[in-house]
file target05.cif (mmCIF, C-alpha atoms)
data_structure
#
loop_
_atom_site.label_atom_id
_atom_site.label_comp_id
_atom_site.auth_asym_id
_atom_site.auth_seq_id
_atom_site.Cartn_x
_atom_site.Cartn_y
_atom_site.Cartn_z
CA MET A 639 -12.71 -29.14 -9.23
CA SER A 640 -10.27 -29.79 -6.45
CA GLY A 641 -8.22 -26.99 -4.92
CA TRP A 642 -5.45 -27.00 -2.41
CA VAL A 643 -5.77 -29.07 0.72
CA SER A 644 -6.44 -27.44 4.07
CA VAL A 645 -4.37 -28.37 7.11
CA ASN A 646 -5.48 -29.19 10.63
CA ARG A 647 -3.29 -29.09 13.73
CA ASN A 648 -3.81 -30.95 17.03
CA LYS A 649 -3.35 -29.31 20.43
CA ASP A 650 0.46 -29.40 20.45
CA ASP A 651 0.64 -28.27 16.80
CA SER A 652 3.07 -31.10 16.10
CA ARG A 653 0.89 -33.23 13.86
CA ARG A 654 -1.03 -32.31 10.72
CA THR A 655 -3.51 -34.30 8.73
CA LYS A 656 -4.90 -33.66 5.31
CA LEU A 657 -8.58 -32.95 5.07
CA THR A 658 -10.82 -33.39 2.09
CA ALA A 659 -9.79 -31.05 -0.70
CA PRO A 660 -12.37 -28.25 -1.01
CA LYS A 661 -14.42 -27.80 -4.13
CA PHE A 662 -14.66 -24.42 -5.76
CA GLU A 663 -18.05 -23.04 -6.67
CA ALA A 664 -18.89 -22.18 -10.23
CA SER A 665 -18.29 -18.55 -9.29
CA LEU A 666 -15.00 -17.04 -10.38
CA PHE A 667 -14.54 -15.37 -7.03
CA LYS A 668 -15.61 -17.57 -4.12
CA THR A 669 -14.47 -20.73 -2.42
CA THR A 670 -16.37 -22.91 0.01
CA ASP A 671 -13.33 -23.83 2.10
CA PRO A 672 -12.92 -22.09 5.48
CA LEU A 673 -10.38 -19.30 5.75
CA GLU A 674 -7.20 -20.49 7.47
CA LEU A 675 -5.99 -17.91 9.96
CA GLY A 676 -3.32 -19.51 12.11
CA ARG A 677 -2.84 -18.70 15.77
CA ARG A 678 -4.37 -15.51 17.14
CA HIS A 679 -2.09 -13.06 18.98
CA ARG A 680 -1.89 -9.42 19.99
CA PRO A 681 -2.59 -7.06 17.05
CA ASP A 682 -0.36 -4.23 15.85
CA TYR A 683 -1.32 -1.29 18.06
CA LEU A 684 1.21 0.96 16.33
CA LEU A 685 -1.32 1.13 13.48
CA VAL A 686 -3.83 2.68 15.88
CA VAL A 687 -1.30 5.21 17.18
CA LEU A 688 -0.37 6.37 13.67
CA ILE A 689 -4.00 6.56 12.54
CA ILE A 690 -5.06 8.63 15.55
CA ALA A 691 -2.02 10.91 15.17
CA LEU A 692 -2.96 11.78 11.58
CA ALA A 693 -6.64 12.22 12.41
CA LEU A 694 -5.88 14.54 15.32
CA ILE A 695 -3.48 16.64 13.23
CA GLY A 696 -6.19 17.07 10.63
CA LEU A 697 -8.80 17.92 13.27
CA VAL A 698 -6.59 20.56 14.94
CA VAL A 699 -5.64 22.26 11.67
CA LEU A 700 -9.23 22.23 10.44
CA PHE A 701 -10.33 23.79 13.73
CA SER A 702 -7.69 26.50 13.33
CA ILE A 703 -9.01 27.59 9.92
CA THR A 704 -12.74 27.45 10.65
CA PRO A 705 -12.95 31.24 11.22
CA ALA A 706 -11.65 31.71 7.67
CA LEU A 707 -14.14 29.19 6.32
CA THR A 708 -17.14 30.68 8.15
CA ASN A 709 -16.27 34.41 7.93
CA GLY A 710 -15.76 34.61 11.68
CA ASP A 711 -19.19 33.22 12.55
CA ASP A 712 -18.58 31.43 15.88
CA SER A 713 -21.77 29.38 15.72
CA ALA A 714 -20.99 28.25 12.17
CA SER A 715 -17.43 27.39 13.23
CA LEU A 716 -18.78 25.27 16.07
CA ARG A 717 -21.16 23.43 13.76
CA PHE A 718 -18.31 22.85 11.31
CA MET A 719 -16.08 21.31 13.96
CA LEU A 720 -18.89 19.23 15.46
CA ARG A 721 -19.52 17.82 12.01
CA GLN A 722 -15.89 16.85 11.48
CA GLY A 723 -15.77 15.46 15.00
CA ALA A 724 -18.81 13.35 14.16
CA PHE A 725 -17.09 12.09 10.99
CA LEU A 726 -14.06 11.08 13.04
CA THR A 727 -16.22 9.40 15.66
CA VAL A 728 -18.08 7.40 13.01
CA GLY A 729 -14.74 6.50 11.43
CA LEU A 730 -13.34 5.24 14.73
CA ALA A 731 -16.51 3.23 15.30
CA ALA A 732 -16.16 1.72 11.82
CA PHE A 733 -12.54 0.85 12.58
CA PHE A 734 -13.52 -0.89 15.82
CA ILE A 735 -16.41 -2.82 14.25
CA ALA A 736 -14.33 -3.89 11.23
CA SER A 737 -11.57 -5.08 13.54
CA LYS A 738 -14.07 -7.37 15.31
CA VAL A 739 -15.84 -8.76 12.25
CA PRO A 740 -14.68 -12.33 11.42
CA LEU A 741 -12.26 -12.12 8.50
CA ASP A 742 -14.08 -14.84 6.59
CA PHE A 743 -17.11 -12.51 6.45
CA TRP A 744 -15.23 -10.17 4.10
CA ARG A 745 -14.22 -13.02 1.81
CA ARG A 746 -17.70 -14.53 1.69
CA HIS A 747 -19.42 -11.21 1.04
CA GLY A 748 -16.75 -9.34 -0.91
CA VAL A 749 -18.48 -9.87 -4.26
CA LYS A 750 -21.82 -8.69 -2.89
CA LEU A 751 -20.27 -5.54 -1.43
CA PHE A 752 -18.53 -4.78 -4.72
CA VAL A 753 -21.72 -5.30 -6.75
CA LEU A 754 -23.67 -3.04 -4.38
CA ALA A 755 -21.00 -0.32 -4.56
CA PHE A 756 -20.79 -0.60 -8.35
CA ALA A 757 -24.58 -0.34 -8.68
CA LEU A 758 -24.66 2.77 -6.48
CA CYS A 759 -21.92 4.36 -8.59
CA PHE A 760 -23.56 3.40 -11.89
CA ILE A 761 -27.05 4.71 -11.21
CA LEU A 762 -25.84 7.95 -9.60
CA PRO A 763 -24.93 9.91 -12.78
CA ILE A 764 -28.06 8.56 -14.50
CA MET A 765 -30.23 9.89 -11.67
CA GLY A 766 -28.29 13.14 -11.73
CA GLN A 767 -28.91 13.53 -15.45
CA PHE A 768 -32.64 13.53 -14.80
CA ASN A 769 -32.42 15.46 -11.49
CA ILE A 770 -33.77 12.52 -9.50
CA PRO A 771 -33.20 12.81 -5.73
CA PRO A 772 -31.12 11.95 -3.82
CA ALA A 773 -28.49 12.33 -6.55
CA TYR A 774 -26.41 15.47 -6.00
CA CYS A 775 -24.32 17.00 -8.77
CA ALA A 776 -21.81 19.83 -8.45
CA GLY A 777 -20.12 19.95 -11.84
CA ALA A 778 -20.01 16.16 -11.73
CA CYS A 779 -22.45 13.65 -10.27
CA ARG A 780 -20.50 11.93 -7.50
CA TRP A 781 -22.65 12.21 -4.39
CA TYR A 782 -25.94 11.18 -2.85
CA SER A 783 -27.53 13.87 -0.70
CA LEU A 784 -28.42 12.66 2.78
CA GLY A 785 -30.10 15.86 3.91
CA SER A 786 -28.79 17.33 7.16
CA ILE A 787 -26.32 14.47 7.53
CA GLY A 788 -24.36 15.55 4.48
CA THR A 789 -23.46 13.64 1.33
CA PHE A 790 -22.38 10.08 0.53
CA GLN A 791 -19.78 9.37 -2.16
CA PRO A 792 -20.21 5.77 -3.37
CA ALA A 793 -16.83 5.79 -5.15
CA GLU A 794 -15.20 5.38 -1.71
CA PHE A 795 -17.37 2.32 -1.12
CA LEU A 796 -16.30 0.99 -4.53
CA LYS A 797 -12.62 1.18 -3.52
CA PHE A 798 -13.34 -0.96 -0.48
CA GLY A 799 -15.37 -3.41 -2.54
CA THR A 800 -12.59 -3.60 -5.14
CA VAL A 801 -10.03 -4.52 -2.47
CA LEU A 802 -12.20 -7.42 -1.27
CA LEU A 803 -13.29 -8.68 -4.70
CA VAL A 804 -9.84 -8.65 -6.32
CA ALA A 805 -8.26 -10.27 -3.25
CA GLY A 806 -10.78 -13.11 -3.37
CA PHE A 807 -10.47 -13.52 -7.14
CA LEU A 808 -6.66 -13.66 -7.18
CA ALA A 809 -6.55 -15.97 -4.17
CA VAL A 810 -8.82 -18.45 -5.97
CA ARG A 811 -6.82 -18.20 -9.17
CA THR A 812 -3.62 -18.77 -7.21
CA ALA A 813 -5.04 -21.90 -5.62
CA GLN A 814 -6.20 -23.15 -9.02
CA ASN A 815 -2.74 -22.51 -10.52
CA LYS A 816 -4.31 -20.12 -13.06
CA LEU A 817 -2.94 -16.83 -11.83
CA ASP A 818 -1.12 -16.06 -15.10
CA SER A 819 -3.87 -17.29 -17.39
CA ILE A 820 -4.94 -14.47 -19.69
CA LYS A 821 -8.30 -16.08 -20.42
CA GLU A 822 -9.23 -17.10 -16.88
CA SER A 823 -7.48 -14.43 -14.79
CA LEU A 824 -6.33 -11.34 -16.65
CA LEU A 825 -9.34 -11.03 -18.95
CA PRO A 826 -12.12 -11.26 -16.31
CA LEU A 827 -10.16 -9.05 -13.94
CA GLY A 828 -9.58 -6.58 -16.76
CA LEU A 829 -13.28 -6.47 -17.62
CA ILE A 830 -14.19 -5.77 -14.01
CA THR A 831 -11.53 -3.08 -13.72
CA PHE A 832 -12.46 -1.35 -16.98
CA ALA A 833 -16.15 -1.43 -16.08
CA SER A 834 -15.35 0.30 -12.79
CA LEU A 835 -13.11 2.82 -14.52
CA PHE A 836 -15.81 3.58 -17.11
CA VAL A 837 -18.33 4.35 -14.39
CA ILE A 838 -15.92 6.40 -12.27
CA VAL A 839 -13.75 8.18 -14.85
CA ILE A 840 -16.19 8.61 -17.75
CA MET A 841 -19.63 8.76 -16.10
CA GLN A 842 -18.63 10.46 -12.84
CA LYS A 843 -15.64 12.33 -14.32
CA ASP A 844 -13.40 11.39 -11.38
CA LEU A 845 -9.92 10.55 -12.65
CA GLY A 846 -8.37 10.67 -9.18
CA THR A 847 -10.56 7.84 -7.92
CA GLY A 848 -9.86 5.96 -11.15
CA VAL A 849 -6.12 6.16 -10.50
CA SER A 850 -6.58 4.87 -6.95
CA LEU A 851 -8.62 1.91 -8.26
CA VAL A 852 -5.83 1.10 -10.69
CA ALA A 853 -3.28 1.32 -7.87
CA ILE A 854 -5.30 -1.14 -5.77
CA VAL A 855 -5.45 -3.73 -8.58
CA LEU A 856 -1.80 -3.36 -9.65
CA VAL A 857 -0.43 -3.69 -6.11
CA GLN A 858 -2.57 -6.78 -5.55
CA LEU A 859 -1.34 -8.30 -8.82
CA ILE A 860 2.27 -7.68 -7.80
CA ILE A 861 1.80 -9.20 -4.34
CA ALA A 862 -0.07 -12.16 -5.86
CA GLY A 863 3.09 -12.91 -7.82
CA VAL A 864 1.94 -12.63 -11.42
CA LYS A 865 4.61 -13.00 -14.07
CA PHE A 866 6.24 -9.83 -15.36
CA ARG A 867 4.74 -10.38 -18.81
CA THR A 868 1.23 -10.59 -17.37
CA LEU A 869 1.79 -7.48 -15.28
CA LEU A 870 3.21 -5.63 -18.27
CA LEU A 871 0.10 -6.44 -20.32
CA ALA A 872 -2.11 -5.11 -17.54
CA VAL A 873 -0.08 -1.91 -17.21
CA MET A 874 -0.11 -1.32 -20.97
CA ALA A 875 -3.88 -1.80 -21.19
CA LEU A 876 -4.51 0.50 -18.24
CA GLY A 877 -2.05 3.04 -19.64
CA VAL A 878 -3.87 3.18 -22.97
CA ALA A 879 -7.19 3.62 -21.15
CA GLY A 880 -5.70 6.38 -19.01
CA VAL A 881 -4.34 8.32 -21.98
CA ALA A 882 -7.67 7.98 -23.80
CA SER A 883 -9.59 9.27 -20.76
CA ILE A 884 -7.35 12.35 -20.71
CA LEU A 885 -7.55 13.03 -24.45
CA ILE A 886 -11.36 12.98 -24.51
CA ALA A 887 -11.71 15.41 -21.57
CA PRO A 888 -10.70 19.05 -22.22
CA HIS A 889 -10.41 19.88 -18.50
CA ARG A 890 -7.88 17.06 -18.05
CA MET A 891 -5.88 18.26 -21.03
CA THR A 892 -5.86 21.71 -19.43
CA ARG A 893 -4.46 20.24 -16.21
CA ILE A 894 -1.73 18.46 -18.13
CA ALA A 895 -0.89 21.71 -19.94
CA THR A 896 -0.74 23.51 -16.59
CA PHE A 897 1.57 20.85 -15.18
CA LEU A 898 3.87 21.22 -18.20
CA GLY A 899 3.93 25.01 -17.81
CA GLN A 900 1.71 25.70 -20.82
CA GLY A 901 -1.37 26.89 -18.95
CA ASN A 902 -2.92 30.33 -18.60
CA GLU A 903 -3.72 32.61 -15.67
CA VAL A 904 -7.05 30.94 -14.99
CA ALA A 905 -5.76 27.38 -15.35
CA ASP A 906 -2.71 28.09 -13.20
CA TYR A 907 -4.65 29.75 -10.38
CA HIS A 908 -5.12 26.68 -8.16
CA ILE A 909 -1.53 25.46 -8.23
CA ASN A 910 -0.18 29.02 -7.89
CA GLN A 911 -2.21 29.54 -4.72
CA ALA A 912 -1.02 26.17 -3.38
CA MET A 913 2.59 27.21 -4.01
CA ILE A 914 1.98 30.52 -2.22
CA ALA A 915 0.54 28.65 0.78
CA LEU A 916 3.49 26.27 0.98
CA GLY A 917 6.04 29.03 0.44
CA SER A 918 4.56 31.42 2.98
CA GLY A 919 4.70 28.71 5.64
CA GLY A 920 8.50 28.72 5.63
CA MET A 921 10.28 26.37 8.02
CA THR A 922 7.92 26.52 11.01
CA GLY A 923 4.67 27.86 9.52
CA ARG A 924 2.49 30.85 10.22
CA GLY A 925 0.97 29.08 13.20
CA LEU A 926 -2.48 27.75 14.06
CA GLY A 927 -5.22 30.22 13.24
CA GLN A 928 -2.95 32.37 11.06
CA SER A 929 -3.75 30.94 7.63
CA VAL A 930 -4.34 33.48 4.86
CA GLN A 931 -5.02 31.14 1.94
CA ALA A 932 -7.99 29.59 3.73
CA PHE A 933 -9.88 32.90 3.35
CA GLY A 934 -11.17 31.93 -0.08
CA TRP A 935 -7.87 32.20 -1.95
CA LEU A 936 -7.03 28.51 -2.16
CA PRO A 937 -9.77 26.35 -3.75
CA GLU A 938 -10.84 23.21 -1.84
CA ALA A 939 -8.81 24.32 1.19
CA ILE A 940 -10.25 21.65 3.52
CA HIS A 941 -10.54 18.87 0.95
CA ASP A 942 -8.07 18.32 -1.89
CA SER A 943 -5.81 21.25 -0.92
CA ILE A 944 -5.44 20.47 2.78
CA PHE A 945 -1.74 19.62 2.36
CA ALA A 946 -1.01 23.18 1.22
CA ILE A 947 -2.91 24.53 4.25
CA LEU A 948 -0.87 22.23 6.48
CA GLY A 949 2.30 23.66 4.94
CA GLU A 950 1.15 27.24 5.47
CA THR A 951 0.14 26.54 9.06
CA LEU A 952 2.85 24.15 10.23
CA GLY A 953 5.69 24.89 7.80
CA PHE A 954 8.30 22.57 6.36
CA VAL A 955 9.00 20.97 9.73
CA GLY A 956 5.32 20.15 10.25
CA LEU A 957 4.97 18.72 6.75
CA PHE A 958 8.07 16.60 7.26
CA VAL A 959 6.60 15.11 10.42
CA ILE A 960 3.27 14.41 8.68
CA ILE A 961 5.00 12.71 5.73
CA ILE A 962 7.03 10.59 8.16
CA ILE A 963 3.82 9.50 9.92
CA PHE A 964 2.21 8.60 6.59
CA ALA A 965 5.34 6.69 5.55
CA ALA A 966 5.35 4.82 8.86
CA LEU A 967 1.66 3.93 8.47
CA LEU A 968 2.16 2.65 4.91
CA ARG A 969 5.21 0.67 6.01
CA GLN A 970 3.31 -0.91 8.89
CA ILE A 971 0.56 -1.97 6.50
CA ILE A 972 2.70 -3.44 3.73
CA SER A 973 5.06 -5.14 6.20
CA LYS A 974 2.21 -7.48 7.17
CA VAL A 975 2.35 -9.09 3.70
CA ASP A 976 5.63 -10.87 4.44
CA PHE A 977 4.27 -12.40 7.64
CA LEU A 978 0.92 -13.75 6.42
CA GLU A 979 0.61 -17.32 5.21
CA ASN A 980 -2.85 -16.95 3.68
CA ALA A 981 -3.02 -15.55 0.14
CA TYR A 982 -6.38 -13.82 0.63
CA LEU A 983 -5.23 -11.94 3.71
CA ARG A 984 -2.02 -10.85 2.00
CA LEU A 985 -3.97 -9.51 -0.95
CA VAL A 986 -6.44 -7.59 1.21
CA VAL A 987 -3.53 -5.89 3.00
CA ALA A 988 -1.88 -5.16 -0.37
CA GLY A 989 -5.09 -3.59 -1.69
CA VAL A 990 -5.46 -1.30 1.32
CA PHE A 991 -1.81 -0.30 0.95
CA GLY A 992 -2.31 0.55 -2.74
CA TRP A 993 -5.42 2.57 -1.91
CA LEU A 994 -3.77 4.73 0.77
CA MET A 995 -0.49 5.05 -1.11
CA ALA A 996 -2.28 6.35 -4.21
CA HIS A 997 -4.13 8.98 -2.18
CA VAL A 998 -1.05 10.15 -0.30
CA VAL A 999 1.23 10.27 -3.34
CA MET A 1000 -1.30 11.97 -5.63
CA ASN A 1001 -2.46 14.53 -3.07
CA ILE A 1002 1.03 15.55 -1.96
CA GLY A 1003 2.38 15.35 -5.52
CA ALA A 1004 -0.39 17.61 -6.85
CA MET A 1005 0.01 20.23 -4.11
CA THR A 1006 3.79 20.37 -4.58
CA HIS A 1007 3.48 20.52 -8.39
CA LEU A 1008 5.26 17.18 -8.82
CA LEU A 1009 2.12 15.68 -10.39
CA PRO A 1010 -0.81 17.17 -12.34
CA LEU A 1011 -3.67 18.48 -10.23
CA THR A 1012 -6.39 15.96 -9.51
CA GLY A 1013 -9.23 15.90 -7.06
CA ILE A 1014 -8.28 13.45 -4.33
CA THR A 1015 -8.29 13.74 -0.55
CA LEU A 1016 -5.46 13.28 1.93
CA PRO A 1017 -6.47 10.19 3.97
CA LEU A 1018 -7.54 10.77 7.59
CA VAL A 1019 -6.71 14.49 7.35
CA SER A 1020 -9.04 16.05 4.76
CA PHE A 1021 -12.55 17.09 5.75
CA GLY A 1022 -15.22 14.59 4.76
CA GLY A 1023 -17.27 11.69 6.03
CA THR A 1024 -17.40 9.02 3.31
CA SER A 1025 -13.64 8.89 2.81
CA MET A 1026 -13.08 8.72 6.58
CA LEU A 1027 -15.69 5.96 6.94
CA PHE A 1028 -14.29 3.56 4.36
CA ILE A 1029 -10.60 4.24 4.96
CA MET A 1030 -11.15 3.60 8.66
CA THR A 1031 -13.10 0.44 7.82
CA SER A 1032 -10.30 -0.85 5.60
CA LEU A 1033 -7.70 -0.07 8.27
CA GLY A 1034 -9.85 -1.89 10.80
CA VAL A 1035 -9.71 -4.98 8.57
CA VAL A 1036 -5.90 -4.67 8.37
CA PHE A 1037 -5.77 -4.33 12.16
CA ALA A 1038 -7.79 -7.54 12.49
CA ILE A 1039 -5.48 -9.30 10.03
CA SER A 1040 -2.44 -8.21 12.06
CA ARG A 1041 -3.59 -10.66 14.76
CA TYR A 1042 -2.59 -13.58 12.54
CA THR A 1043 0.92 -12.76 11.37
CA THR A 1044 3.78 -15.23 11.85
CA HIS A 1045 7.02 -14.60 13.69
CA ARG A 1046 9.19 -15.26 10.66
CA LYS A 1047 8.76 -14.11 7.09
CA VAL A 1048 6.81 -16.40 4.79
CA LYS A 1049 9.03 -17.21 1.81
CA VAL A 1050 7.66 -18.68 -1.40
CA GLU A 1051 10.09 -21.25 -2.70
CA LYS A 1052 10.57 -21.84 -6.39
CA GLY A 1053 7.96 -24.23 -7.68
CA GLU A 1054 5.51 -23.40 -4.89
CA LYS A 1055 4.37 -20.05 -6.20
CA HIS A 1056 0.81 -21.15 -6.87
CA ARG A 1057 0.34 -23.58 -4.02
CA ALA A 1058 -1.82 -23.01 -1.01
CA ASP A 1059 -0.29 -20.86 1.70
CA SER A 1060 -1.19 -23.20 4.51
CA VAL A 1061 1.06 -25.84 2.96
CA ARG A 1062 4.06 -23.56 3.37
CA ARG A 1063 3.90 -23.97 7.13
CA ARG A 1064 5.50 -27.36 6.65
CA ARG A 1065 8.80 -25.67 5.92
CA PHE A 1066 8.70 -24.06 9.36
CA GLY A 1067 7.89 -27.27 11.23
CA ARG A 1068 6.13 -25.76 14.22
CA SER A 1069 4.84 -22.30 13.29
CA HIS A 1070 6.14 -19.35 15.28
CA TYR A 1071 4.05 -16.31 16.11
CA ALA A 1072 4.97 -12.94 17.54
CA ASN A 1073 3.04 -11.40 20.43
CA ARG A 1074 1.22 -14.51 21.59
CA GLY A 1075 -1.04 -12.87 24.11
CA ASP A 1076 -4.70 -12.87 23.15
CA SER A 1077 -6.26 -9.48 22.67
#
call {"tool": "encode", "arguments": {"input": "target05.cif", "output": "structure tokens"}}
result
Amino acid sequence: MSGWVSVNRNKDDSRRTKLTAPKFEASLFKTTDPLELGRRHRPDYLLVVLIIALALIGLVVLFSITPALTNGDDSASLRFMLRQGAFLTVGLAAFFIASKVPLDFWRRHGVKLFVLAFALCFILPIMGQFNIPPAYCAGACRWYSLGSIGTFQPAEFLKFGTVLLVAGFLAVRTAQNKLDSIKESLLPLGLITFASLFVIVIMQKDLGTGVSLVAIVLVQLIIAGVKFRTLLLAVMALGVAGVASILIAPHRMTRIATFLGQGNEVADYHINQAMIALGSGGMTGRGLGQSVQAFGWLPEAIHDSIFAILGETLGFVGLFVIIIIFAALLRQIISKVDFLENAYLRLVVAGVFGWLMAHVVMNIGAMTHLLPLTGITLPLVSFGGTSMLFIMTSLGVVFAISRYTTHRKVKVEKGEKHRADSVRRRRFGRSHYANRGDS
């Protein structure tokens, strides 16, 4: 089957010749044609500044509450901070490595990474059911125990794999002019998504991760340019699945009741303590090292509830600054979509945006009682190694992609929606690129 033609430029970029049209493999997800990148230029270093700013804020606040977490044990506090420092170091290393990996590597191996992540997620609750090491269960089976190193949560790996797989799948379907085909696009993508949701939401009992997976797929569908009818069908199907997953789980129904003000003293405890933390912070906060809620009052103070601790410590002003930094980071990520000519690269960026946006919105929404409580971390700020590792890896991929943006926005003209992105360069004549220095 022939796909879209690739384009080659000579040294002065003024002439283009058509090459042999690539043939797609029998696979639904892969192509054999090389990934077109355009001209390399200086990457977006503002991404690095924003990422480091958030990570440092999280590190400082976590350091300030370690006495509360360790009952004043200085040696335990030191070990706690060294561990989080190690997580951050590994995350930064993952960012650097991912930013140097050839982008075609992610497309060629995206399916394999997804399958590996899915397999790790699938067998985990089965191993936990029979108490088979290294499965580790604490109410729900979501982690592998790695001994003194800590734990590994494969659901974070699955998010990264989902970004790569869906990007490759939709890029192929776009090139084949089958993006809106229910049979060849929506159905296989739906089966993959529902299989992932079954493993995560039903087997691992992790609705928060399930919502973030849905956000990744929906944002990628929107950026791919699916018709409104196709998107509406996807949203309706996912909505029905979401409602069903809530109805069959009593603890989720309790959280909904709490959100609607129909809970009880026990059910309302977590959100009440979060509200106390935010309220006691006032405008400027209690100050570093002055947190009260961290002394066992607020559940998951360093994980899911870190935003409330930030509010208690830094106050409204501090939270405002943190939200602005998150908004700037999300804007920097999604802004790349308009300046990328290649469909696969646009969809990878869109997936990473959906992933981070879901985490930020759900975590902040839950802690401010604007959304029902759900267990999900605040990216780059919450304590934890697996989340830091894969979020940093995904951001490293976005950083690498930022080297290949164009100077002017890429506009899809009517009638060219499903054509190859490289062909669109013809409307620009000679392509223009910002920041031409190599880096």
call {"tool": "closest_residue", "arguments": {"input": "target05.cif", "among": "A:Ile787, A:Ile695, A:Leu1016, A:Ala757", "to": "Arg721 in chain A", "atoms": "only C-alpha atoms"}}
result
A:Ile787
call {"tool": "closest_atom_pairs", "arguments": {"input": "target05.cif", "of": "range 953-1032 of chain A", "to": "range 838-847 of chain A", "cutoff": "7 Å", "atoms": "all atoms listed in the file", "output": "CSV"}}
result
residue,atom,partner,partner_atom,distance
A:Thr1012,CA,A:Gly846,CA,5.7
A:Gly1013,CA,A:Gly846,CA,5.7
A:Ile1014,CA,A:Gly846,CA,5.6
call {"tool": "atom_distance", "arguments": {"input": "target05.cif", "atom1": "CA of Ser973 in chain A", "atom2": "CA of Leu1009 in chain A"}}
result
26.8 Å
call {"tool": "residues_near_point", "arguments": {"input": "target05.cif", "point": "(-0.7, 21.7, -3.4)", "cutoff": "6 Å", "atoms": "all atoms listed in the file", "output": "number ranges by chain"}}
result
A: 912, 943, 946, 1004-1006
call {"tool": "write_last_selection", "arguments": {"input": "target05.cif", "atoms": "C-alpha atoms", "output": "PDB file, keeping the file's coordinate frame"}}
result
ATOM      1  CA  ALA A 912      -1.020  26.170  -3.380  1.00  0.00           C
ATOM      2  CA  SER A 943      -5.810  21.250  -0.920  1.00  0.00           C
ATOM      3  CA  ALA A 946      -1.010  23.180   1.220  1.00  0.00           C
ATOM      4  CA  ALA A1004      -0.390  17.610  -6.850  1.00  0.00           C
ATOM      5  CA  MET A1005       0.010  20.230  -4.110  1.00  0.00           C
ATOM      6  CA  THR A1006       3.790  20.370  -4.580  1.00  0.00           C
TER       7      THR A1006
END
call {"tool": "resolve_selection", "arguments": {"input": "target05.cif", "expression": "the PyMOL selection byres ((chain A and resi 1034) around 9)", "output": "list in words"}}
result
Leu730, Ala732, Phe733, Phe734, Ile735, Ala736, Ser737, Lys738, Ile1029, Met1030, Thr1031, Ser1032, Leu1033, Val1035, Val1036, Phe1037, Ala1038 and Ile1039 of chain A
call {"tool": "resolve_selection", "arguments": {"input": "target05.cif", "expression": "the PyMOL selection byres ((chain A and resi 805) around 6)", "output": "JSON, numbers by chain"}}
result
{"A": [802, 803, 804, 806, 807, 808, 982, 985, 986]}
call {"tool": "closest_residue", "arguments": {"input": "target05.cif", "among": "A:Gly925, A:Gly992, A:Pro1010, A:Gly785", "to": "Gly899 in chain A", "atoms": "all atoms listed in the file"}}
result
A:Pro1010
call {"tool": "atom_distance", "arguments": {"input": "target05.cif", "atom1": "CA of Ile689 in chain A", "atom2": "CA of Leu983 in chain A"}}
result
20.5 Å
call {"tool": "residues_near_point", "arguments": {"input": "target05.cif", "point": "(-3.0, -10.5, 3.9)", "cutoff": "12 Å", "atoms": "only C-alpha atoms", "output": "PyMOL selection string"}}
result
chain A and resi 673-675+741+745+801-802+805-806+809+858+861-862+971-991+1035-1044+1048+1059
call {"tool": "closest_residue", "arguments": {"input": "target05.cif", "among": "A:Ala813, A:Leu870, A:Ile962, A:Leu876", "to": "Thr831 in chain A", "atoms": "all atoms listed in the file"}}
result
A:Leu876
call {"tool": "atom_distance", "arguments": {"input": "target05.cif", "atom1": "CA of Gly920 in chain A", "atom2": "CA of Gly953 in chain A"}}
result
5.2 Å
call {"tool": "resolve_selection", "arguments": {"input": "target05.cif", "expression": "the PyMOL selection byres ((chain A and resi 767-783) around 10)", "output": "PyMOL selection string"}}
result
chain A and resi 758-759+761-766+784-793+838+841-844+1024
call {"tool": "residues_around", "arguments": {"input": "target05.cif", "residues": "Leu1018 in chain A", "least_positions_apart": "5", "cutoff": "9 Å", "atoms": "only C-alpha atoms", "output": "ChimeraX atom specification"}}
result
/A:689-690,692-694,696,726,1025-1026,1029-1030
call {"tool": "closest_residue", "arguments": {"input": "target05.cif", "among": "A:Gly923, A:Pro1017, A:Gly863, A:Gly729", "to": "Ala996 in chain A", "atoms": "only C-alpha atoms"}}
result
A:Pro1017
call {"tool": "residues_around", "arguments": {"input": "target05.cif", "residues": "Leu957 in chain A", "least_positions_apart": "6", "cutoff": "9 Å", "atoms": "only C-alpha atoms", "output": "ChimeraX atom specification"}}
result
/A:945,948-949
call {"tool": "closest_atom_pairs", "arguments": {"input": "target05.cif", "of": "range 863-949 of chain A", "to": "range 706-715 of chain A", "cutoff": "9 Å", "atoms": "only C-alpha atoms", "output": "Markdown table"}}
result
| residue | atom | partner | partner_atom | distance |
| --- | --- | --- | --- | --- |
| A:Gly927 | CA | A:Ala706 | CA | 8.6 |
| A:Ser929 | CA | A:Ala706 | CA | 7.9 |
| A:Val930 | CA | A:Ala706 | CA | 8.0 |
| A:Gln931 | CA | A:Ala706 | CA | 8.8 |
| A:Ala932 | CA | A:Ala706 | CA | 5.8 |
| A:Phe933 | CA | A:Ala706 | CA | 4.8 |
| A:Gly934 | CA | A:Leu707 | CA | 7.6 |
| A:Ala939 | CA | A:Leu707 | CA | 8.9 |
| A:Ile940 | CA | A:Leu707 | CA | 8.9 |
call {"tool": "write_last_selection", "arguments": {"input": "target05.cif", "atoms": "C-alpha atoms", "output": "PDB file, in the coordinates of the input"}}
result
ATOM      1  CA  GLY A 927      -5.220  30.220  13.240  1.00  0.00           C
ATOM      2  CA  SER A 929      -3.750  30.940   7.630  1.00  0.00           C
ATOM      3  CA  VAL A 930      -4.340  33.480   4.860  1.00  0.00           C
ATOM      4  CA  GLN A 931      -5.020  31.140   1.940  1.00  0.00           C
ATOM      5  CA  ALA A 932      -7.990  29.590   3.730  1.00  0.00           C
ATOM      6  CA  PHE A 933      -9.880  32.900   3.350  1.00  0.00           C
ATOM      7  CA  GLY A 934     -11.170  31.930  -0.080  1.00  0.00           C
ATOM      8  CA  ALA A 939      -8.810  24.320   1.190  1.00  0.00           C
ATOM      9  CA  ILE A 940     -10.250  21.650   3.520  1.00  0.00           C
TER      10      ILE A 940
END
